[in-house]
Structures are given as C-alpha cells and as structure tokens.
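> Here you go, model.cif (mmCIF, C-alpha atoms):
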```cif
data_upload
loop_
_atom_site.label_atom_id
_atom_site.label_comp_id
_atom_site.auth_asym_id
_atom_site.auth_seq_id
_atom_site.Cartn_x
_atom_site.Cartn_y
_atom_site.Cartn_z
CA MET A 1 -18.90 -17.55 -19.41
CA ALA A 2 -20.49 -14.09 -19.24
CA ALA A 3 -18.20 -13.05 -16.39
CA VAL A 4 -15.12 -14.26 -18.29
CA PHE A 5 -16.23 -12.28 -21.36
CA VAL A 6 -16.70 -9.13 -19.28
CA GLU A 7 -13.24 -9.61 -17.77
CA TRP A 8 -11.79 -9.91 -21.28
CA LEU A 9 -13.56 -6.71 -22.34
CA ASN A 10 -12.14 -5.02 -19.25
CA LEU A 11 -8.61 -5.97 -20.30
CA VAL A 12 -9.03 -5.02 -23.97
CA PHE A 13 -10.69 -1.66 -23.25
CA ARG A 14 -8.09 -0.85 -20.60
CA TRP A 15 -5.28 -1.63 -23.03
CA ALA A 16 -6.87 0.52 -25.74
CA HIS A 17 -7.53 3.31 -23.21
CA ILE A 18 -3.88 3.41 -22.17
CA MET A 19 -2.64 3.42 -25.77
CA ALA A 20 -5.01 6.21 -26.83
CA GLY A 21 -4.22 8.17 -23.66
CA ILE A 22 -0.48 8.00 -24.30
CA ALA A 23 -1.03 9.35 -27.81
CA TRP A 24 -3.30 12.19 -26.62
CA ILE A 25 -1.13 13.18 -23.68
CA GLY A 26 1.98 13.00 -25.83
CA THR A 27 0.58 15.40 -28.43
CA SER A 28 -0.64 17.75 -25.69
CA PHE A 29 2.76 17.86 -24.01
CA HIS A 30 4.59 18.21 -27.32
CA PHE A 31 2.53 21.07 -28.73
CA ILE A 32 2.52 23.08 -25.52
CA TRP A 33 6.29 22.58 -25.37
CA LEU A 34 6.47 23.66 -29.01
CA ASP A 35 4.51 26.84 -28.27
CA GLN A 36 6.76 27.70 -25.35
CA SER A 37 9.99 26.97 -27.23
CA LEU A 38 9.28 29.13 -30.30
CA LYS A 39 11.94 31.71 -31.13
CA LYS A 40 11.19 34.64 -33.42
CA ARG A 41 13.96 35.55 -35.91
CA ALA A 42 14.38 39.17 -36.94
CA ASP A 43 14.13 38.26 -40.64
CA GLN A 44 10.94 36.21 -40.32
CA PRO A 45 7.66 37.51 -41.83
CA ALA A 46 5.17 39.16 -39.47
CA ASP A 47 2.70 36.29 -39.79
CA ILE A 48 5.22 33.80 -38.34
CA ALA A 49 5.08 33.60 -34.52
CA GLY A 50 8.41 31.79 -34.30
CA GLU A 51 10.26 28.58 -35.03
CA SER A 52 11.69 25.66 -33.10
CA TRP A 53 14.52 23.34 -34.11
CA MET A 54 14.37 19.77 -32.83
CA VAL A 55 16.47 16.64 -33.08
CA HIS A 56 15.04 13.17 -32.55
CA GLY A 57 15.76 9.67 -33.78
CA GLY A 58 18.82 10.77 -35.73
CA GLY A 59 17.02 13.51 -37.67
CA PHE A 60 16.61 17.30 -37.49
CA TYR A 61 13.20 18.94 -37.62
CA LEU A 62 12.13 22.56 -38.08
CA ALA A 63 8.65 23.69 -36.99
CA GLU A 64 7.18 27.13 -37.62
CA LYS A 65 3.97 28.52 -36.16
CA TYR A 66 1.74 31.05 -37.86
CA THR A 67 0.21 33.79 -35.74
CA VAL A 68 -3.20 32.94 -37.26
CA ALA A 69 -2.97 30.81 -40.43
CA PRO A 70 -1.02 30.58 -43.71
CA GLU A 71 -2.23 32.53 -46.73
CA ARG A 72 -3.66 29.45 -48.38
CA MET A 73 -4.61 25.93 -47.48
CA PRO A 74 -1.62 23.53 -47.49
CA PRO A 75 -2.02 20.34 -49.57
CA ASP A 76 -1.55 18.07 -46.56
CA LEU A 77 -2.84 18.91 -43.09
CA HIS A 78 -2.75 16.54 -40.12
CA TRP A 79 -5.54 16.80 -37.55
CA PHE A 80 -4.91 15.80 -33.94
CA LYS A 81 -8.32 14.71 -32.70
CA TRP A 82 -8.76 10.94 -32.79
CA GLU A 83 -6.29 10.48 -29.93
CA ALA A 84 -8.67 12.47 -27.69
CA TYR A 85 -11.83 10.85 -29.00
CA PHE A 86 -10.60 7.28 -28.56
CA THR A 87 -9.23 8.03 -25.10
CA TRP A 88 -12.69 9.13 -23.96
CA ILE A 89 -14.56 6.37 -25.83
CA THR A 90 -12.42 3.58 -24.40
CA GLY A 91 -12.55 5.19 -20.95
CA PHE A 92 -16.34 5.36 -21.05
CA LEU A 93 -16.51 1.73 -22.21
CA LEU A 94 -14.38 0.81 -19.17
CA LEU A 95 -16.77 2.78 -16.99
CA VAL A 96 -19.65 0.75 -18.44
CA VAL A 97 -17.95 -2.64 -18.11
CA ILE A 98 -16.67 -2.14 -14.57
CA TYR A 99 -18.89 0.38 -12.82
CA TYR A 100 -22.20 0.18 -14.69
CA LEU A 101 -22.42 -3.59 -15.21
CA GLY A 102 -21.04 -4.07 -11.69
CA ALA A 103 -22.89 -1.13 -10.13
CA SER A 104 -23.95 -3.02 -7.00
CA ALA A 105 -20.38 -3.98 -6.16
CA TYR A 106 -18.30 -1.10 -7.51
CA LEU A 107 -20.44 2.01 -7.92
CA ILE A 108 -22.90 2.00 -5.04
CA ASP A 109 -22.10 2.40 -1.36
CA ARG A 110 -25.27 1.68 0.57
CA GLY A 111 -23.64 3.13 3.68
CA LYS A 112 -23.89 6.51 1.92
CA ILE A 113 -27.00 6.32 -0.27
CA ALA A 114 -28.97 3.16 -1.05
CA LEU A 115 -29.30 3.74 -4.79
CA ALA A 116 -30.71 1.31 -7.31
CA PRO A 117 -28.18 0.48 -10.06
CA TRP A 118 -30.13 2.42 -12.69
CA GLN A 119 -30.24 5.47 -10.42
CA ALA A 120 -26.49 5.40 -9.82
CA ILE A 121 -25.80 5.02 -13.55
CA ALA A 122 -28.15 7.88 -14.40
CA ILE A 123 -26.41 10.14 -11.85
CA SER A 124 -23.04 9.21 -13.33
CA VAL A 125 -23.99 9.96 -16.95
CA ALA A 126 -25.92 13.14 -16.11
CA SER A 127 -23.14 14.55 -13.92
CA LEU A 128 -20.47 13.99 -16.58
CA ALA A 129 -22.58 15.77 -19.19
CA ALA A 130 -23.43 18.59 -16.77
CA GLY A 131 -19.76 19.09 -15.97
CA TRP A 132 -18.94 19.80 -19.61
CA VAL A 133 -21.90 22.17 -20.07
CA ILE A 134 -21.02 24.20 -16.96
CA TYR A 135 -17.32 24.34 -17.82
CA ASP A 136 -18.08 25.47 -21.37
CA GLN A 137 -20.34 28.25 -20.11
CA LEU A 138 -17.69 29.40 -17.64
CA CYS A 139 -15.14 29.67 -20.45
CA ARG A 140 -17.54 31.56 -22.70
CA ARG A 141 -18.70 33.98 -20.00
CA ILE A 142 -15.38 34.65 -18.24
CA GLY A 143 -13.32 34.49 -21.43
CA GLY A 144 -9.68 35.47 -21.31
CA ARG A 145 -9.54 36.50 -17.64
CA THR A 146 -7.19 33.70 -16.62
CA ALA A 147 -7.24 33.96 -12.82
CA PRO A 148 -11.06 34.21 -12.39
CA LEU A 149 -11.56 31.40 -14.90
CA ALA A 150 -9.03 29.13 -13.16
CA ALA A 151 -10.73 29.78 -9.81
CA ALA A 152 -14.18 29.09 -11.26
CA VAL A 153 -13.06 25.82 -12.85
CA PHE A 154 -11.41 24.73 -9.60
CA VAL A 155 -14.66 25.44 -7.70
CA LEU A 156 -16.57 23.40 -10.30
CA VAL A 157 -14.22 20.44 -9.88
CA ALA A 158 -14.33 20.80 -6.07
CA VAL A 159 -18.15 20.67 -6.08
CA ALA A 160 -18.01 17.55 -8.26
CA THR A 161 -15.41 15.99 -5.95
CA PHE A 162 -17.51 16.38 -2.80
CA PHE A 163 -20.66 15.34 -4.68
CA TYR A 164 -19.12 12.10 -5.92
CA SER A 165 -17.60 11.39 -2.50
CA ALA A 166 -21.04 11.73 -0.90
CA VAL A 167 -22.94 9.66 -3.47
CA PHE A 168 -20.69 6.86 -4.78
CA SER A 169 -18.31 4.35 -3.25
CA ASP A 170 -14.88 5.79 -2.42
CA ARG A 171 -13.23 3.98 -5.31
CA ALA A 172 -15.91 5.07 -7.78
CA ALA A 173 -15.78 8.65 -6.49
CA TYR A 174 -12.11 9.05 -7.43
CA LEU A 175 -12.68 7.39 -10.79
CA HIS A 176 -15.53 9.78 -11.48
CA ILE A 177 -13.44 12.83 -10.60
CA GLY A 178 -11.04 11.73 -13.33
CA ALA A 179 -13.90 10.97 -15.74
CA PHE A 180 -15.47 14.36 -14.96
CA ILE A 181 -12.25 16.21 -15.83
CA GLY A 182 -11.58 13.92 -18.81
CA THR A 183 -15.05 14.62 -20.22
CA ILE A 184 -14.39 18.36 -19.94
CA MET A 185 -11.11 17.89 -21.80
CA VAL A 186 -12.49 15.84 -24.70
CA GLY A 187 -15.54 18.10 -24.87
CA SER A 188 -13.18 20.99 -25.54
CA VAL A 189 -11.59 19.08 -28.40
CA PHE A 190 -14.89 17.95 -29.94
CA PHE A 191 -17.01 21.07 -29.46
CA VAL A 192 -14.47 23.91 -29.56
CA ILE A 193 -10.93 23.13 -30.74
CA ILE A 194 -11.72 21.08 -33.85
CA PRO A 195 -14.79 23.16 -34.93
CA ASN A 196 -12.74 26.35 -34.57
CA GLN A 197 -9.96 24.87 -36.64
CA LYS A 198 -12.51 23.85 -39.29
CA VAL A 199 -13.76 27.46 -39.47
CA VAL A 200 -10.19 28.65 -40.11
CA VAL A 201 -9.67 25.98 -42.77
CA ALA A 202 -12.96 26.90 -44.47
CA ASP A 203 -11.85 30.54 -44.59
CA LEU A 204 -8.55 29.54 -46.18
CA VAL A 205 -10.27 27.40 -48.80
CA ALA A 206 -12.66 30.23 -49.60
CA GLY A 207 -9.82 32.74 -49.84
CA ARG A 208 -10.94 34.71 -46.78
CA LYS A 209 -8.68 35.98 -44.02
CA PRO A 210 -9.38 33.85 -40.89
CA ASP A 211 -10.54 35.58 -37.72
CA PRO A 212 -7.86 35.13 -35.01
CA LYS A 213 -10.53 34.70 -32.28
CA TYR A 214 -11.08 31.08 -33.29
CA GLY A 215 -7.44 30.18 -32.84
CA ILE A 216 -7.25 32.07 -29.54
CA ALA A 217 -10.25 30.21 -28.11
CA ALA A 218 -8.95 26.85 -29.31
CA HIS A 219 -5.51 27.52 -27.80
CA GLN A 220 -7.08 28.45 -24.46
CA ARG A 221 -8.97 25.15 -24.27
CA SER A 222 -5.87 23.23 -25.36
CA LEU A 223 -3.85 24.89 -22.60
CA HIS A 224 -6.54 23.99 -20.05
CA ASN A 225 -6.32 20.38 -21.18
CA ASN A 226 -2.57 20.45 -20.70
CA TYR A 227 -2.91 21.61 -17.08
CA LEU A 228 -5.63 19.05 -16.32
CA THR A 229 -3.73 16.06 -17.72
CA LEU A 230 -1.66 15.07 -14.67
CA PRO A 231 -4.60 15.18 -12.20
CA VAL A 232 -6.62 12.94 -14.55
CA ILE A 233 -3.80 10.41 -14.72
CA PHE A 234 -3.61 10.32 -10.91
CA MET A 235 -7.37 9.69 -10.59
CA MET A 236 -7.23 6.95 -13.21
CA ILE A 237 -4.55 4.97 -11.34
CA SER A 238 -5.87 5.74 -7.84
CA ASN A 239 -8.26 2.77 -7.82
CA HIS A 240 -5.26 0.58 -6.97
CA TYR A 241 -4.52 2.55 -3.78
CA PRO A 242 -7.28 2.46 -1.14
CA VAL A 243 -4.97 4.30 1.27
CA VAL A 244 -5.77 7.36 -0.87
CA PHE A 245 -9.41 7.04 -1.91
CA GLY A 246 -10.45 5.25 1.29
CA ASN A 247 -8.94 7.93 3.50
CA PRO A 248 -11.31 10.19 5.53
CA TRP A 249 -9.53 13.14 3.90
CA SER A 250 -9.95 11.71 0.39
CA PRO A 251 -11.87 14.66 -1.17
CA TYR A 252 -9.26 17.12 0.09
CA ILE A 253 -6.45 14.85 -1.10
CA ALA A 254 -8.03 14.77 -4.57
CA LEU A 255 -8.22 18.55 -4.72
CA ALA A 256 -4.62 18.86 -3.49
CA ILE A 257 -3.49 16.49 -6.25
CA ILE A 258 -5.32 18.63 -8.81
CA VAL A 259 -3.41 21.70 -7.61
CA VAL A 260 -0.10 19.81 -7.49
CA GLY A 261 -0.59 18.39 -10.98
CA ALA A 262 -1.39 21.82 -12.39
CA LEU A 263 1.65 23.36 -10.67
CA ILE A 264 3.92 20.64 -12.04
CA ARG A 265 2.66 21.33 -15.56
CA HIS A 266 3.08 25.07 -14.98
CA TYR A 267 6.67 24.52 -13.90
CA PHE A 268 7.49 22.57 -17.06
CA ASN A 269 5.56 24.95 -19.30
CA GLN A 270 7.49 27.91 -17.90
CA THR A 271 10.90 26.25 -18.01
CA ASN A 272 10.26 25.30 -21.64
CA LYS A 273 10.42 29.01 -22.44
CA GLY A 274 14.08 29.09 -21.50
CA PRO A 275 16.41 29.29 -18.50
CA ALA A 276 14.74 30.76 -15.42
CA ASP A 277 14.72 30.30 -11.67
CA TRP A 278 11.49 28.44 -11.00
CA SER A 279 12.75 26.68 -7.87
CA ALA A 280 10.02 28.29 -5.74
CA ILE A 281 7.24 26.91 -7.94
CA ALA A 282 8.96 23.51 -8.03
CA ALA A 283 9.12 23.46 -4.23
CA ILE A 284 5.36 23.95 -3.79
CA PRO A 285 4.28 20.58 -5.31
CA ALA A 286 7.04 18.82 -3.38
CA ALA A 287 5.88 20.37 -0.10
CA VAL A 288 2.24 19.50 -0.78
CA LEU A 289 3.13 15.90 -1.62
CA ILE A 290 5.06 15.60 1.66
CA VAL A 291 2.05 16.92 3.60
CA LEU A 292 -0.22 14.47 1.79
CA ALA A 293 2.12 11.61 2.68
CA ILE A 294 1.95 12.61 6.35
CA ILE A 295 -1.86 12.73 6.18
CA LEU A 296 -2.01 9.29 4.56
CA VAL A 297 0.26 7.82 7.23
CA THR A 298 -1.43 9.39 10.25
CA ALA A 299 -5.09 9.69 9.27
CA GLN A 300 -7.46 6.84 10.01
CA ARG A 301 -11.10 6.25 9.35
CA PRO A 302 -13.35 6.93 12.34
CA GLY A 303 -13.71 3.81 14.42
CA VAL A 304 -10.69 1.79 13.32
CA ALA A 305 -8.81 2.09 16.62
CA ALA A 306 -8.05 -1.38 17.94
CA PRO A 307 -9.96 -2.64 21.03
CA SER A 308 -8.12 -3.42 24.24
CA GLY A 309 -7.09 -7.00 24.91
CA ALA A 310 -5.68 -9.72 22.70
CA VAL A 311 -7.60 -10.85 19.63
CA ALA A 312 -7.09 -14.44 18.55
CA PHE A 313 -7.47 -16.00 15.11
CA SER A 314 -10.61 -17.74 16.32
CA ASP A 315 -12.12 -14.28 16.91
CA ILE A 316 -11.55 -13.01 13.38
CA HIS A 317 -11.97 -16.25 11.39
CA PRO A 318 -15.81 -16.05 11.44
CA ILE A 319 -15.58 -12.48 10.12
CA ILE A 320 -13.45 -13.57 7.16
CA ALA A 321 -15.68 -16.58 6.51
CA THR A 322 -18.86 -14.50 6.58
CA ARG A 323 -17.79 -11.24 4.98
CA CYS A 324 -14.91 -12.09 2.63
CA VAL A 325 -14.94 -15.70 1.46
CA THR A 326 -18.02 -15.18 -0.71
CA CYS A 327 -15.58 -13.64 -3.25
CA HIS A 328 -12.10 -14.57 -2.01
CA SER A 329 -12.26 -18.33 -2.26
CA ALA A 330 -11.28 -21.12 -4.61
CA ARG A 331 -15.03 -21.49 -5.23
CA PRO A 332 -16.67 -18.06 -4.76
CA THR A 333 -20.42 -17.97 -4.11
CA SER A 334 -20.78 -14.36 -5.32
CA GLU A 335 -22.50 -13.94 -8.67
CA ASP A 336 -20.14 -11.08 -9.53
CA PHE A 337 -16.91 -13.08 -9.22
CA PRO A 338 -16.60 -16.56 -10.77
CA GLU A 339 -12.95 -16.52 -9.65
CA ALA A 340 -11.25 -14.97 -6.64
CA PRO A 341 -10.35 -11.33 -7.45
CA LYS A 342 -6.60 -11.06 -8.18
CA GLY A 343 -6.24 -14.67 -7.06
CA VAL A 344 -6.55 -13.69 -3.38
CA MET A 345 -8.14 -16.54 -1.41
CA PHE A 346 -8.96 -16.93 2.30
CA ASP A 347 -9.83 -20.63 2.44
CA THR A 348 -7.12 -21.55 4.94
CA PRO A 349 -5.64 -19.83 8.01
CA GLU A 350 -2.29 -19.63 6.25
CA GLU A 351 -3.83 -17.84 3.25
CA ILE A 352 -5.58 -15.36 5.54
CA ARG A 353 -2.36 -14.60 7.40
CA ALA A 354 -0.39 -14.26 4.15
CA HIS A 355 -2.77 -11.51 3.02
CA ALA A 356 -3.03 -9.75 6.40
CA ALA A 357 -1.43 -6.55 5.07
CA GLN A 358 -3.93 -6.39 2.20
CA ILE A 359 -6.82 -7.02 4.59
CA GLU A 360 -5.61 -4.16 6.77
CA GLN A 361 -5.30 -1.82 3.80
CA GLN A 362 -8.63 -2.70 2.23
CA ALA A 363 -10.91 -3.43 5.22
CA VAL A 364 -9.34 -1.73 8.26
CA LEU A 365 -7.57 1.46 7.20
CA SER A 366 -10.25 1.92 4.53
CA ASP A 367 -13.69 0.42 4.02
CA THR A 368 -13.27 -0.41 0.35
CA MET A 369 -13.72 -4.11 1.09
CA PRO A 370 -16.10 -5.83 0.97
CA LEU A 371 -17.04 -4.11 -2.29
CA GLY A 372 -20.07 -1.94 -1.67
CA ASN A 373 -20.08 -3.62 1.75
CA LEU A 374 -22.52 -6.12 0.26
CA THR A 375 -21.85 -8.58 3.08
CA GLY A 376 -22.37 -5.94 5.77
CA MET A 377 -19.04 -5.85 7.62
CA THR A 378 -19.45 -3.78 10.80
CA GLU A 379 -17.07 -1.27 12.35
CA GLU A 380 -16.58 -3.59 15.33
CA GLU A 381 -15.50 -6.35 12.96
CA ARG A 382 -13.05 -4.01 11.26
CA ARG A 383 -11.60 -3.08 14.64
CA LEU A 384 -11.17 -6.75 15.54
CA LEU A 385 -9.36 -7.39 12.26
CA GLY A 386 -7.11 -4.40 12.91
CA SER A 387 -6.26 -5.57 16.41
CA TRP A 388 -5.44 -9.09 15.20
CA ILE A 389 -3.15 -7.74 12.46
CA SER A 390 -1.46 -5.30 14.87
CA ALA A 391 -0.65 -8.26 17.14
CA GLY A 392 1.24 -9.94 14.30
CA ALA A 393 -1.67 -11.93 12.82
CA PRO A 394 -1.21 -14.98 15.12
CA LEU A 395 -2.82 -18.30 14.18
CA ASP A 396 -3.29 -19.28 17.86
#
```
Rewrite the structure from the file as structure tokens, please.

Amino acid sequence: MAAVFVEWLNLVFRWAHIMAGIAWIGTSFHFIWLDQSLKKRADQPADIAGESWMVHGGGFYLAEKYTVAPERMPPDLHWFKWEAYFTWITGFLLLVVIYYLGASAYLIDRGKIALAPWQAIAISVASLAAGWVIYDQLCRRIGGRTAPLAAAVFVLVAVATFFYSAVFSDRAAYLHIGAFIGTIMVGSVFFVIIPNQKVVVADLVAGRKPDPKYGIAAHQRSLHNNYLTLPVIFMMISNHYPVVFGNPWSPYIALAIIVVGALIRHYFNQTNKGPADWSAIAAIPAAVLIVLAIILVTAQRPGVAAPSGAVAFSDIHPIIATRCVTCHSARPTSEDFPEAPKGVMFDTPEEIRAHAAQIEQQAVLSDTMPLGNLTGMTEEERRLLGSWISAGAPLD
C-alpha cells in the first residue's frame, strides 16, 4: 500500500510540476519577446520605453513598458511569481518522492561512491543551496559585464555537472543538473526579482521616484532565466533516455546541450527584435546537435564490446534471472517495486526476447539497469547480453 501511495504522489506531483512549468516558461518567453518587440513612437513620453501591438484569440492588445515605473501606483497590478515558486516546489517534491525515498535504487551508484542514503540526500540538498549562493555572488560581484558573467556561470554549471556525474547515478546526475539550474532560476525570482519589484512599488506608494538599479538587476536575472530554460527542460526529460545520461561522454553532452539551448534562445530573442540574418547563429545549434547524435551512435561504455563466439539463450538466462527478475517479474521480490516497472517482465523466454532492445539500451549500452546496480551485474555479464542481442536474441 505504501508503494502504491508513493507512486500516486509521483504522478500527482509530476502533473503539477508540468502545469506550473508551462505557466512559468510561458511567461518568461512572452515577456522577453515583449521586451524585444517594443517599438518607440516619436510622440511617446520619455518615460515610455516602447509599445507592442498583439492579436490573439480574436482580440487586439496593446502593451507599453515604462523605462523605470509609472508616476503612481496603478490600482491593479499582477505579479508573476507563483508560477516559478510552484514549479520549484513540485519539482523538489518529485525529487523527494523518487530520489530521496528511493535513494538506494535511484540516487546512489555504489560503483562510484558507496554512500548511505542520508549522505546522498544531504549532498543533494547542500549542493542545490550552494549553487544558488555562488551564482548570486557571481552576479553581484561581476554585475553588468555580460561576457565574464556568462563564462563564470557556465564554469559553475560545468563544475556541478562533473561533480554530480562523479557522485550520483547517471540518471540522478542529469536530474540534478536540471535541479541545480532550476534552483538558481527560482532563487533569482524569490530573492532578487520580486524583492526588487517590491522596492519599486513601495517607492511609488510613498511618492518617491524609484531607483532604476532595482529594475535593471531584476531584468538581468529574468534574462538569465530565459536563457537557462531550454537546458533545464532537456535535463528534466533526459531520465527517459539512457543513451544520453548513460553515455561515457554524458557530462560533455550535458554541457553541449546547455550551450545549444542558450544559443537557441538567443536566436529567438534576437529575431524577435525584427528582421535580421541570424542564419549563422541558427546553424551552430544544428551542427552541435548533429555532432552529439554521432557521439551517441558511436560511443560505447568501456567494456561493452561483445565477446567472440556465439552466445546462446541458456548463457544469458541465468543473468536475467539473477540480476533483473527481482524487479521485472509478475511477482517482484524487490522491496522497492511491488509491481514490475513499466509493466516490463522477464518471466518467460518470449518476454525476455520481446524486450531485448530495452535490455540493450538499459544494461549494455549504458549501465542504468539494474538500478544502482543493486544486484551486482558484472561487465562480463553485460558483454554476454550484448553478444546475445547482436546475434538476433535467439531462444536456442
């Protein structure tokens, strides 16, 4: 019953996380587009940065942006903050339900570091908090120097990427890269963007002229969030693709995706300003993605080359029975899985053969299965499985 309840929480939190994420990402994309699309009319007051006309759902809309703030507080003011907060809250709850409650299976890789569950959880929480603190200090110390700040933030994310890859399971490492960046993003909203906006509002209510530095700092963090959005989305969905996170080049692939995602956003942000030839920038992400595809196709984990000679079903059946059936069975014996994950079962030779491609992806080309390698599958056993699958998965 407890396992079923946890599975239900997983589904509900994931659903809520996706809904909140759509709302947050949508507002980020819209407002950056709005900033880039503003046009200044000659007859507009000096305190108006520009306007943008829009049509949607059968109606016309006109948006104006103030260079700092209006002269007085408007009667109705909408705050965009809960989308960010709920995205992080639901994401962290998912992290708890999947990776903290199931730390032994999902978070820890004893082939890397034999951590106790509480140690792995403590490292996870502390590293996410440290990421925000370091990022915030980089922004405050480097300030408006865009290129040095971008380089410093990339180095910070790169250090986190290699750290997570060395400490956690491959699947958990990619998830934590996304959580690391996501925590930085929501930290900016909670600790900088919204507080700065509250300072401006307080000045308006008190009849004071707001200091433009608060808006400038908030806009900088908002723009950072916009550029980090696409990499975070990739990391969040990557746990379904072991060919990526289980690859020996996985840390470098993650960093390449971060660069590609930022370039894609830069392309759209620039084209939103108006017609321009940005084909060169558009070609860079495409080229990088092609290179990554070649790496994914050609790269293998060390030791997965198939042995010489034919491998029969009778050679690999004991491996499946010993290493896999504890979870993937009609009656699993694992305490973590009352039912076979995703309904995949290996009770009969026909079921094993039917899932040969998944076995190759999860246990041969990557070592993501068994989870946390709790059953101790060896490299020799992975090679035997690979050889059997390469021969067409015969049943003797």
> Go through the shown structure with the PyMOL selection byres ((chain A and resi 204) around 10) and write out the matching residues as a PyMOL selection string.
chain A and resi 69-74+198-203+205-210
> Find the residues near range 116-126 of chain A: any atom within 9 Å, counting all atoms listed in the file, skip ones fewer than 5 places away on the same chain, and give them as JSON, numbers by chain.
{"A": [96, 99, 100, 101, 102, 103, 104, 107, 108, 131, 164, 167, 168, 176]}
> How many Å separate CA of Ala340 in chain A from CA of Ser250 in chain A?
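Answer for the CA of Ala340 in chain A to CA of Ser250 in chain A separation: 27.6 Å.
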> Which neighbours of Ile32 in chain A fall inside 8 Å, counting all atoms listed in the file, when residues of the same chain fewer than 2 positions from it are skipped, and could you give them as a PDB file with C-alpha atoms, in the coordinates of the input?

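File produced: around-v9.pdb:
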```
ATOM      1  CA  SER A  28      -0.640  17.750 -25.690  1.00  0.00           C
ATOM      2  CA  PHE A  29       2.760  17.860 -24.010  1.00  0.00           C
ATOM      3  CA  HIS A  30       4.590  18.210 -27.320  1.00  0.00           C
ATOM      4  CA  LEU A  34       6.470  23.660 -29.010  1.00  0.00           C
ATOM      5  CA  ASP A  35       4.510  26.840 -28.270  1.00  0.00           C
ATOM      6  CA  GLN A  36       6.760  27.700 -25.350  1.00  0.00           C
ATOM      7  CA  LEU A 223      -3.850  24.890 -22.600  1.00  0.00           C
ATOM      8  CA  ASN A 226      -2.570  20.450 -20.700  1.00  0.00           C
ATOM      9  CA  ASN A 269       5.560  24.950 -19.300  1.00  0.00           C
TER      10      ASN A 269
END
```
> What is the CA of Pro231 in chain A to CA of Gln197 in chain A distance in Å?
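Separating CA of Pro231 in chain A from CA of Gln197 in chain A is a distance of 26.8 Å.
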> Which one of A:Phe162, A:Leu292, A:His224, A:Leu149 sits closest to Met185 in chain A if you count all atoms listed in the file?
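Ranking A:Phe162, A:Leu292, A:His224, A:Leu149 by distance to Met185 in chain A, first place goes to A:His224.
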> With a distance cut-off of 6 Å and all atoms listed in the file, select the neighbouring residues of range 40-53 of chain A, excluding the residue or stretch itself and same-chain residues fewer than 5 positions from it, and output the selection as number ranges by chain.
A: 61-67
> I'd like the interatomic distance between CA of Trp15 in chain A and CA of Gly246 in chain A, to a tenth of an Å.
25.8 Å
> Under the PyMOL selection byres ((chain A and resi 375) around 9), which residues of this model are included? Write them out as a list in words.
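Written out, the selection comes to Thr322, Arg323, Cys324, Thr326, Pro370, Leu371, Gly372, Asn373, Leu374, Gly376 and Met377 of chain A.
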> May I have the selected residues written with C-alpha atoms, as a PDB file, in the frame of the given file?

```pdb
ATOM      1  CA  THR A 322     -18.860 -14.500   6.580  1.00  0.00           C
ATOM      2  CA  ARG A 323     -17.790 -11.240   4.980  1.00  0.00           C
ATOM      3  CA  CYS A 324     -14.910 -12.090   2.630  1.00  0.00           C
ATOM      4  CA  THR A 326     -18.020 -15.180  -0.710  1.00  0.00           C
ATOM      5  CA  PRO A 370     -16.100  -5.830   0.970  1.00  0.00           C
ATOM      6  CA  LEU A 371     -17.040  -4.110  -2.290  1.00  0.00           C
ATOM      7  CA  GLY A 372     -20.070  -1.940  -1.670  1.00  0.00           C
ATOM      8  CA  ASN A 373     -20.080  -3.620   1.750  1.00  0.00           C
ATOM      9  CA  LEU A 374     -22.520  -6.120   0.260  1.00  0.00           C
ATOM     10  CA  GLY A 376     -22.370  -5.940   5.770  1.00  0.00           C
ATOM     11  CA  MET A 377     -19.040  -5.850   7.620  1.00  0.00           C
TER      12      MET A 377
END
```
> I need the residue set behind the PyMOL selection byres ((chain A and resi 396) around 10) for this file; please write it as an MDAnalysis selection string.
chainID A and resid 311:314 393:395
> Can you find the residues with an atom no farther than 12 Å from (-16.6, -14.3, -5.9), counting only C-alpha atoms, and report them as an MDAnalysis selection string?
chainID A and resid 3 105 323:346 370:371 374:375
> Anything within 7 Å of (-11.2, 4.8, -5.0): list those residues as a PyMOL selection string, counting all atoms listed in the file and sticking to the file's coordinates.
chain A and resi 170-175+238-239+242+245-246
> Just to be explicit: take each residue in the selection above, keep C-alpha atoms, and write the result as a CSV table (one decimal), in the frame of the given file.

```
chain,number,residue,atom,x,y,z
A,170,ASP,CA,-14.9,5.8,-2.4
A,171,ARG,CA,-13.2,4.0,-5.3
A,172,ALA,CA,-15.9,5.1,-7.8
A,173,ALA,CA,-15.8,8.6,-6.5
A,174,TYR,CA,-12.1,9.0,-7.4
A,175,LEU,CA,-12.7,7.4,-10.8
A,238,SER,CA,-5.9,5.7,-7.8
A,239,ASN,CA,-8.3,2.8,-7.8
A,242,PRO,CA,-7.3,2.5,-1.1
A,245,PHE,CA,-9.4,7.0,-1.9
A,246,GLY,CA,-10.4,5.2,1.3
```
> A:His17, A:His240, A:Lys213, A:Arg221: which is nearest Leu93 in chain A, counting all atoms listed in the file?
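Of A:His17, A:His240, A:Lys213, A:Arg221, the one nearest Leu93 in chain A is A:His17, counting all atoms listed in the file.
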> Kindly indicate which residue among A:Met236, A:Ile25, A:Val243, A:Leu156 lies nearest to Ser366 in chain A, using all atoms listed in the file for the distances.
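Going through A:Met236, A:Ile25, A:Val243, A:Leu156 one by one, the smallest distance to Ser366 in chain A is for A:Val243.
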> For Leu138 in chain A, list every protein, DNA or RNA residue within 10 Å, evaluated using all atoms listed in the file, and leave out those in the same chain fewer than 6 positions away; present the list as a PDB file with C-alpha atoms, in the coordinates of the input.

```
ATOM      1  CA  TRP A 132     -18.940  19.800 -19.610  1.00  0.00           C
ATOM      2  CA  PRO A 148     -11.060  34.210 -12.390  1.00  0.00           C
ATOM      3  CA  LEU A 149     -11.560  31.400 -14.900  1.00  0.00           C
ATOM      4  CA  ALA A 150      -9.030  29.130 -13.160  1.00  0.00           C
ATOM      5  CA  ALA A 152     -14.180  29.090 -11.260  1.00  0.00           C
ATOM      6  CA  VAL A 153     -13.060  25.820 -12.850  1.00  0.00           C
ATOM      7  CA  LEU A 156     -16.570  23.400 -10.300  1.00  0.00           C
TER       8      LEU A 156
END
```
